[in-house]
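Next up, query-v4.txt (compact mmCIF, C-alpha atoms):
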```txt
# COMPACT_ATOMS: atom_id res chain seq x y z
CA MET A 1 -75.85 55.94 -88.86
CA LEU A 2 -77.54 58.28 -86.40
CA LEU A 3 -78.06 61.96 -87.07
CA LEU A 4 -78.91 64.04 -84.07
CA PRO A 5 -79.76 67.64 -84.95
CA CYS A 6 -79.73 69.48 -81.64
CA THR A 7 -81.39 72.87 -81.41
CA PRO A 8 -80.32 74.85 -78.34
CA CYS A 9 -82.99 76.34 -76.15
CA PHE A 10 -82.07 79.57 -74.37
CA GLU A 11 -83.40 82.97 -73.39
CA VAL A 12 -81.64 86.16 -74.47
CA PRO A 13 -80.59 88.16 -71.38
CA SER A 14 -82.31 91.49 -70.90
CA ALA A 15 -79.05 93.41 -71.36
CA VAL A 16 -78.85 95.70 -74.37
CA THR A 17 -76.00 93.64 -75.91
CA PRO A 18 -76.90 89.91 -75.81
CA ARG A 19 -74.26 87.67 -74.32
CA TRP A 20 -74.97 84.39 -76.10
CA PRO A 21 -74.78 81.20 -74.11
CA TYR A 22 -72.05 78.68 -74.93
CA SER A 23 -74.57 76.39 -76.63
CA ALA A 24 -75.69 79.18 -78.95
CA ARG A 25 -72.13 79.90 -80.03
CA LEU A 26 -71.65 76.21 -80.90
CA ALA A 27 -74.94 75.71 -82.70
CA GLY A 28 -73.21 75.52 -86.08
CA LYS A 29 -70.57 72.99 -85.03
CA LYS A 30 -70.79 69.49 -86.47
CA VAL A 31 -69.26 66.39 -84.92
CA LEU A 32 -68.78 62.93 -86.40
CA ILE A 33 -68.26 60.03 -83.98
CA VAL A 34 -66.79 56.96 -85.70
CA TYR A 35 -67.68 54.20 -83.25
CA ALA A 36 -66.22 50.70 -83.35
CA HIS A 37 -67.56 48.41 -80.65
CA GLN A 38 -69.96 45.49 -80.84
CA GLU A 39 -71.76 46.02 -77.52
CA PRO A 40 -73.83 49.15 -76.80
CA ARG A 41 -73.68 48.44 -73.04
CA SER A 42 -69.88 48.39 -73.02
CA LEU A 43 -67.79 51.23 -71.60
CA ASN A 44 -67.07 52.27 -75.19
CA GLY A 45 -70.82 52.41 -75.74
CA SER A 46 -71.25 54.57 -72.65
CA LEU A 47 -68.44 56.90 -73.74
CA LYS A 48 -70.01 57.24 -77.17
CA LYS A 49 -73.42 57.96 -75.66
CA VAL A 50 -72.20 60.58 -73.21
CA ALA A 51 -70.32 62.31 -76.03
CA GLU A 52 -73.53 62.42 -78.08
CA ASP A 53 -75.47 63.80 -75.13
CA GLU A 54 -72.95 66.44 -74.07
CA LEU A 55 -72.17 67.71 -77.56
CA CYS A 56 -75.87 67.77 -78.40
CA ARG A 57 -76.53 69.75 -75.22
CA GLN A 58 -73.98 72.30 -76.41
CA GLY A 59 -75.97 72.84 -79.60
CA CYS A 60 -73.76 70.80 -81.92
CA THR A 61 -75.11 68.49 -84.60
CA VAL A 62 -73.78 65.00 -83.88
CA THR A 63 -73.56 62.21 -86.44
CA VAL A 64 -72.59 58.68 -85.39
CA SER A 65 -71.15 56.07 -87.74
CA ASP A 66 -71.73 52.89 -85.72
CA LEU A 67 -69.57 50.63 -87.85
CA TYR A 68 -70.70 47.26 -86.47
CA ALA A 69 -74.38 48.22 -86.56
CA MET A 70 -73.89 49.44 -90.13
CA ASP A 71 -72.14 46.17 -91.02
CA PHE A 72 -69.47 48.39 -92.56
CA GLU A 73 -67.29 46.64 -95.13
CA PRO A 74 -63.65 46.84 -93.95
CA ARG A 75 -62.04 45.24 -97.00
CA ALA A 76 -60.55 47.44 -99.69
CA THR A 77 -61.39 45.57 -102.89
CA ARG A 78 -62.23 45.94 -106.57
CA LYS A 79 -65.89 46.30 -105.55
CA ASP A 80 -65.11 49.79 -104.24
CA ILE A 81 -64.65 50.98 -107.83
CA ILE A 82 -67.91 51.44 -109.72
CA GLY A 83 -67.37 50.89 -113.41
CA ALA A 84 -64.22 50.14 -115.37
CA CYS A 85 -60.78 50.38 -113.81
CA SER A 86 -58.19 52.67 -115.36
CA ASN A 87 -55.86 49.66 -115.68
CA PRO A 88 -57.89 46.45 -116.06
CA GLU A 89 -54.72 44.40 -116.50
CA PHE A 90 -53.23 45.11 -113.07
CA PHE A 91 -55.31 46.19 -110.07
CA ASN A 92 -53.70 48.81 -107.80
CA TYR A 93 -56.21 49.80 -105.13
CA GLY A 94 -54.67 53.16 -104.28
CA VAL A 95 -54.42 54.25 -107.90
CA GLU A 96 -57.91 53.06 -108.77
CA ALA A 97 -59.50 54.62 -105.67
CA PHE A 98 -57.82 57.95 -106.47
CA ASP A 99 -59.11 57.82 -110.02
CA ALA A 100 -62.59 56.76 -108.91
CA TYR A 101 -62.73 59.58 -106.35
CA LYS A 102 -62.04 62.12 -109.08
CA LYS A 103 -64.75 60.53 -111.23
CA ARG A 104 -67.18 60.22 -108.29
CA SER A 105 -67.36 56.50 -108.97
CA LEU A 106 -66.44 55.13 -105.53
CA ALA A 107 -68.83 52.78 -103.74
CA ARG A 108 -71.78 54.51 -102.12
CA ASP A 109 -70.79 53.63 -98.54
CA ILE A 110 -67.37 55.27 -99.03
CA MET A 111 -68.89 58.42 -100.49
CA ASP A 112 -71.42 58.60 -97.66
CA GLU A 113 -68.67 58.47 -95.04
CA GLN A 114 -66.56 61.02 -96.90
CA LYS A 115 -69.51 63.40 -96.88
CA LYS A 116 -69.81 63.03 -93.10
CA VAL A 117 -66.11 63.75 -92.64
CA GLN A 118 -66.23 66.71 -95.00
CA GLU A 119 -69.09 68.28 -93.06
CA ALA A 120 -67.57 67.71 -89.60
CA ASN A 121 -65.61 70.24 -87.57
CA LEU A 122 -64.52 67.50 -85.17
CA VAL A 123 -64.14 63.75 -85.72
CA ILE A 124 -64.00 61.52 -82.63
CA PHE A 125 -62.88 57.91 -82.98
CA GLN A 126 -64.28 55.74 -80.16
CA PHE A 127 -62.83 52.22 -79.94
CA PRO A 128 -61.08 49.57 -77.85
CA LEU A 129 -57.36 49.14 -78.49
CA TYR A 130 -56.67 45.94 -80.46
CA TRP A 131 -53.03 44.88 -80.76
CA PHE A 132 -51.80 48.45 -80.16
CA SER A 133 -54.08 49.65 -82.96
CA VAL A 134 -57.71 49.99 -83.99
CA PRO A 135 -60.21 47.14 -84.58
CA ALA A 136 -60.15 45.78 -88.13
CA ILE A 137 -63.49 47.38 -88.98
CA LEU A 138 -62.14 50.83 -88.07
CA LYS A 139 -58.87 50.21 -89.91
CA GLY A 140 -60.96 49.34 -92.96
CA TRP A 141 -62.89 52.59 -92.55
CA MET A 142 -59.60 54.49 -92.61
CA ASP A 143 -58.27 52.51 -95.57
CA ARG A 144 -61.36 53.02 -97.69
CA VAL A 145 -62.64 56.45 -96.66
CA LEU A 146 -59.40 58.45 -96.31
CA CYS A 147 -58.30 57.89 -99.88
CA GLN A 148 -55.99 59.97 -102.03
CA GLY A 149 -57.82 62.88 -103.57
CA PHE A 150 -60.24 63.15 -100.65
CA ALA A 151 -57.96 63.28 -97.61
CA PHE A 152 -54.53 63.94 -99.13
CA ASP A 153 -52.48 64.05 -102.29
CA ILE A 154 -48.80 63.84 -103.21
CA PRO A 155 -47.92 66.61 -102.49
CA GLY A 156 -50.69 67.61 -100.11
CA PHE A 157 -50.20 65.83 -96.79
CA TYR A 158 -49.44 66.53 -93.11
CA ASP A 159 -49.94 70.30 -92.61
CA SER A 160 -51.11 70.52 -96.22
CA GLY A 161 -53.48 67.54 -95.98
CA PHE A 162 -56.92 68.11 -97.41
CA LEU A 163 -58.66 67.77 -94.01
CA LYS A 164 -56.75 70.69 -92.51
CA GLY A 165 -58.90 72.95 -90.40
CA LYS A 166 -60.68 69.97 -88.86
CA LEU A 167 -60.07 68.52 -85.41
CA ALA A 168 -59.66 64.82 -84.62
CA LEU A 169 -59.51 62.96 -81.32
CA LEU A 170 -58.93 59.34 -80.35
CA SER A 171 -61.06 58.13 -77.42
CA LEU A 172 -60.12 54.59 -76.54
CA THR A 173 -59.99 51.89 -73.93
CA THR A 174 -57.13 49.49 -73.23
CA GLY A 175 -56.83 46.02 -71.78
CA GLY A 176 -53.63 46.90 -69.91
CA THR A 177 -53.24 49.16 -66.90
CA ALA A 178 -51.81 52.68 -66.97
CA GLU A 179 -48.62 51.37 -65.33
CA MET A 180 -48.09 48.99 -68.25
CA TYR A 181 -48.16 51.92 -70.70
CA THR A 182 -45.26 53.90 -69.26
CA LYS A 183 -41.66 54.11 -70.48
CA SER A 184 -40.63 51.60 -67.86
CA GLY A 185 -43.76 49.47 -68.29
CA VAL A 186 -43.95 46.20 -70.18
CA SER A 187 -45.91 47.81 -73.05
CA GLY A 188 -43.88 51.01 -73.31
CA ASP A 189 -45.17 54.58 -73.27
CA PHE A 190 -48.72 54.89 -74.59
CA ARG A 191 -47.51 57.60 -76.97
CA TYR A 192 -45.65 54.97 -78.95
CA PHE A 193 -48.81 53.26 -80.19
CA LEU A 194 -50.40 56.62 -80.88
CA TRP A 195 -47.70 57.52 -83.42
CA PRO A 196 -49.06 55.55 -86.42
CA LEU A 197 -52.67 56.53 -85.67
CA GLN A 198 -52.39 60.18 -84.74
CA HIS A 199 -49.39 61.09 -86.87
CA GLY A 200 -49.42 58.52 -89.68
CA VAL A 201 -53.17 58.72 -90.33
CA LEU A 202 -54.79 61.81 -88.84
CA HIS A 203 -52.00 64.37 -89.09
CA PHE A 204 -51.01 62.97 -92.50
CA CYS A 205 -54.51 63.86 -93.72
CA GLY A 206 -54.24 67.37 -92.29
CA PHE A 207 -56.28 67.03 -89.10
CA LYS A 208 -55.32 69.06 -86.05
CA VAL A 209 -55.06 66.36 -83.39
CA LEU A 210 -56.40 66.90 -79.88
CA ALA A 211 -54.90 65.01 -76.94
CA PRO A 212 -56.26 61.45 -76.71
CA GLN A 213 -58.79 60.31 -74.13
CA ILE A 214 -57.48 56.99 -72.83
CA ASN A 215 -59.30 54.84 -70.29
CA PHE A 216 -56.95 52.16 -69.03
CA ALA A 217 -58.13 48.64 -68.14
CA PRO A 218 -61.87 49.21 -67.62
CA GLU A 219 -62.43 45.45 -67.53
CA ILE A 220 -60.69 45.22 -64.15
CA ALA A 221 -61.92 48.56 -62.82
CA SER A 222 -64.69 48.87 -60.26
CA GLU A 223 -68.14 50.10 -61.22
CA GLU A 224 -67.39 53.41 -59.53
CA GLU A 225 -64.14 53.74 -61.44
CA ARG A 226 -65.89 53.09 -64.73
CA LYS A 227 -68.51 55.71 -63.88
CA GLY A 228 -65.65 58.08 -63.15
CA MET A 229 -64.19 57.41 -66.60
CA VAL A 230 -67.48 58.35 -68.26
CA ALA A 231 -67.88 61.42 -66.06
CA SER A 232 -64.33 62.57 -66.80
CA TRP A 233 -64.95 62.33 -70.54
CA ALA A 234 -68.21 64.25 -70.23
CA GLN A 235 -66.46 66.95 -68.22
CA ARG A 236 -63.68 67.31 -70.77
CA LEU A 237 -66.18 67.63 -73.61
CA LYS A 238 -67.71 70.69 -71.94
CA THR A 239 -64.64 72.69 -72.97
CA ILE A 240 -63.41 70.61 -75.92
CA TRP A 241 -63.72 73.54 -78.34
CA THR A 242 -61.26 75.62 -76.33
CA GLU A 243 -58.50 73.00 -76.40
CA GLU A 244 -55.30 73.51 -78.36
CA PRO A 245 -54.11 70.66 -80.62
CA ILE A 246 -51.01 68.72 -79.63
CA ASN A 247 -47.72 69.39 -81.38
CA CYS A 248 -48.05 66.37 -83.63
CA THR A 249 -44.34 65.92 -84.36
CA PRO A 250 -41.87 63.15 -83.36
CA PRO A 251 -40.77 64.86 -80.10
CA TRP A 252 -44.33 64.66 -78.69
CA TYR A 253 -44.24 60.88 -79.09
CA PHE A 254 -40.60 59.98 -78.50
CA GLY A 255 -38.92 62.94 -76.83
CA GLN A 256 -40.73 63.08 -73.51
```
Re-express the file's structure as structure tokens.
Amino acid sequence: MLLLPCTPCFEVPSAVTPRWPYSARLAGKKVLIVYAHQEPRSLNGSLKKVAEDELCRQGCTVTVSDLYAMDFEPRATRKDIIGACSNPEFFNYGVEAFDAYKKRSLARDIMDEQKKVQEANLVIFQFPLYWFSVPAILKGWMDRVLCQGFAFDIPGFYDSGFLKGKLALLSLTTGGTAEMYTKSGVSGDFRYFLWPLQHGVLHFCGFKVLAPQINFAPEIASEEERKGMVASWAQRLKTIWTEEPINCTPPWYFGQ
């Protein structure tokens, strides 16, 4: 995990009423980047790095959970519960995790990640698309960290989810080209694979979801095209705090 406290440097204009620079107005913002790629020199690594740099430049505090570097445990098991289970005769992970959260007896790595999420104004997920979804290590992060009691309850989900007021954004790369991810393409509209991630996970937990940043087929792109992908992401991040969330309802995904 990397913690980058970024203190903005600026001079107050000589006017009677100071007009604070953008970085000063964002100095209290906190961002968590949940990063799931094995290779720092990959395009995903470059996208993660430029996000750190740009958000830091704005005056935000940026925390990175580099899941592979952390050797993050993706499996949801009995080991996540510290101490006795509420029902030792029959193990139900969801029930036991909920109970352990209330007792503050979840595994330390889960509690550490929950603290990062709780403190963040914006959570960015940076990853390559695997089988129309996230890599297993990131799926495990979602399974273990976003447990009942912390991220949601029944009732207490979607617009009432416990992470309401926070922003979330998926930044990802694909193996297929943009043409493949259209309604007439072989893979269907890219919004289809976003439904379970953006709506079923993020919106369910209460996040306001920003439009995804998708870089199609970087493996077959030229070096200049890949540089353009990184530059485009950096440019978007300059005004990320002014963006409006998407309307995270079925019509956004299936009614276009």
As a PyMOL selection string, please: the residues near Phe150 of chain A (cut-off 8 Å, all atoms listed in the file, same-chain neighbours under 4 positions excluded).
chain A and resi 101+114+146+162
Please produce a file of those selected residues containing C-alpha atoms, as a short mmCIF file (atom, residue, chain, number, x, y, z; two decimals), in the frame of the given file.
```cif
data_model
loop_
_atom_site.label_atom_id
_atom_site.label_comp_id
_atom_site.auth_asym_id
_atom_site.auth_seq_id
_atom_site.Cartn_x
_atom_site.Cartn_y
_atom_site.Cartn_z
CA TYR A 101 -62.73 59.58 -106.35
CA GLN A 114 -66.56 61.02 -96.90
CA LEU A 146 -59.40 58.45 -96.31
CA PHE A 162 -56.92 68.11 -97.41
#
```
What are the closest atom pairs, with distances in Å to one decimal, for all residues of segment 129-208 of chain A lying within 8 Å of segment 32-44 of chain A? Consider only C-alpha atoms, order rows by chain and residue number, and present the result as a Markdown table.
```
| residue | atom | partner | partner_atom | distance |
| --- | --- | --- | --- | --- |
| A:Pro135 | CA | A:Ala36 | CA | 7.1 |
| A:Ile137 | CA | A:Ala36 | CA | 7.1 |
| A:Leu138 | CA | A:Ala36 | CA | 6.2 |
| A:Leu172 | CA | A:Asn44 | CA | 7.5 |
| A:Thr173 | CA | A:Asn44 | CA | 7.2 |
```
Using only C-alpha atoms: which of A:Thr174, A:Thr249, A:Thr63, A:Gln213 has the shortest distance to Ser133 of chain A:
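With only C-alpha atoms as the atom set, the closest residue is A:Thr174.
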Between A:Phe193, A:Ile82, A:Trp241, A:Trp233, which one has atoms that come closest to Val50 of chain A, using all atoms listed in the file?
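The answer is A:Trp233, which sits nearest to Val50 of chain A.
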Show which residues sit within 12 Å of Gly83 of chain A, as a VMD selection string. Count only C-alpha atoms, and ignore same-chain residues fewer than 6 positions away.
chain A and resid 96 to 97 99 to 100 103 to 107
Give the answer as one residue: which of A:Ala151, A:Ala136, A:Ala211, A:Leu163 has the shortest atom-to-atom distance to Ala120 of chain A, using all atoms listed in the file?
A:Leu163
Considering all atoms listed in the file, can you say which of A:Leu202, A:Phe190, A:Glu224, A:Tyr253 comes closest to Ser160 of chain A?
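Closest residue, counting all atoms listed in the file: A:Leu202.
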Find, counting all atoms listed in the file, the residue in A:Ala221, A:Asp80, A:Phe204, A:Phe98 that gets nearest to Gly156 of chain A.
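Of the candidates, the smallest distance to Gly156 of chain A is held by A:Phe204.
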May I ask for the distance between atom CA of Val123 of chain A and atom CA of Lys166 of chain A, given in Å to one decimal place?
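Value for the atom CA of Val123 of chain A-atom CA of Lys166 of chain A distance: 7.8 Å.
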Test item: residues at most 10 Å from Thr77 of chain A, only C-alpha atoms, excluding those fewer than 3 positions along its chain, as a tab-separated table (two decimals) with C-alpha atoms, in the frame of the given file:
```
chain	number	residue	atom	x	y	z
A	73	GLU	CA	-67.29	46.64	-95.13
A	74	PRO	CA	-63.65	46.84	-93.95
A	80	ASP	CA	-65.11	49.79	-104.24
A	81	ILE	CA	-64.65	50.98	-107.83
A	91	PHE	CA	-55.31	46.19	-110.07
A	92	ASN	CA	-53.70	48.81	-107.80
A	93	TYR	CA	-56.21	49.80	-105.13
A	97	ALA	CA	-59.50	54.62	-105.67
A	144	ARG	CA	-61.36	53.02	-97.69
```
Selection: 12 Å around Glu243 of chain A, all atoms listed in the file, excl. self and same-chain fewer than 4 positions, as a PyMOL selection string
chain A and resi 122+167-169+208-212+236-239
For the atom pair atom CA of Pro128 of chain A and atom CA of Lys79 of chain A, what is the interatomic distance in Å to one decimal place?
28.3 Å
Work out how far atom CA of Gly149 of chain A is from atom CA of Phe72 of chain A, in Å to one decimal.
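For atom CA of Phe72 of chain A relative to atom CA of Gly149 of chain A, the distance reads 21.6 Å.
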Determine, counting all atoms listed in the file, which protein, DNA and RNA residues have an atom within 12 Å of an atom of Asp53 of chain A; residues of the same chain fewer than 2 positions away are not included. Present the result as a JSON list (two decimals) with C-alpha atoms, in the frame of the given file.
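Written file, around.json:
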```json
[["chain", "number", "residue", "atom", "x", "y", "z"],
["A", 4, "LEU", "CA", -78.91, 64.04, -84.07],
["A", 5, "PRO", "CA", -79.76, 67.64, -84.95],
["A", 6, "CYS", "CA", -79.73, 69.48, -81.64],
["A", 31, "VAL", "CA", -69.26, 66.39, -84.92],
["A", 46, "SER", "CA", -71.25, 54.57, -72.65],
["A", 47, "LEU", "CA", -68.44, 56.90, -73.74],
["A", 48, "LYS", "CA", -70.01, 57.24, -77.17],
["A", 49, "LYS", "CA", -73.42, 57.96, -75.66],
["A", 50, "VAL", "CA", -72.20, 60.58, -73.21],
["A", 51, "ALA", "CA", -70.32, 62.31, -76.03],
["A", 55, "LEU", "CA", -72.17, 67.71, -77.56],
["A", 56, "CYS", "CA", -75.87, 67.77, -78.40],
["A", 57, "ARG", "CA", -76.53, 69.75, -75.22],
["A", 58, "GLN", "CA", -73.98, 72.30, -76.41],
["A", 59, "GLY", "CA", -75.97, 72.84, -79.60],
["A", 60, "CYS", "CA", -73.76, 70.80, -81.92],
["A", 61, "THR", "CA", -75.11, 68.49, -84.60],
["A", 62, "VAL", "CA", -73.78, 65.00, -83.88],
["A", 63, "THR", "CA", -73.56, 62.21, -86.44],
["A", 64, "VAL", "CA", -72.59, 58.68, -85.39],
["A", 230, "VAL", "CA", -67.48, 58.35, -68.26],
["A", 233, "TRP", "CA", -64.95, 62.33, -70.54],
["A", 234, "ALA", "CA", -68.21, 64.25, -70.23],
["A", 235, "GLN", "CA", -66.46, 66.95, -68.22],
["A", 237, "LEU", "CA", -66.18, 67.63, -73.61],
["A", 238, "LYS", "CA", -67.71, 70.69, -71.94]]
```
Find the residue from A:Ile154, A:Leu170, A:Leu194, A:Ala178 that sits nearest to Ile220 of chain A; use all atoms listed in the file when measuring.
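The shortest atom-to-atom distance to Ile220 of chain A comes from A:Ala178.
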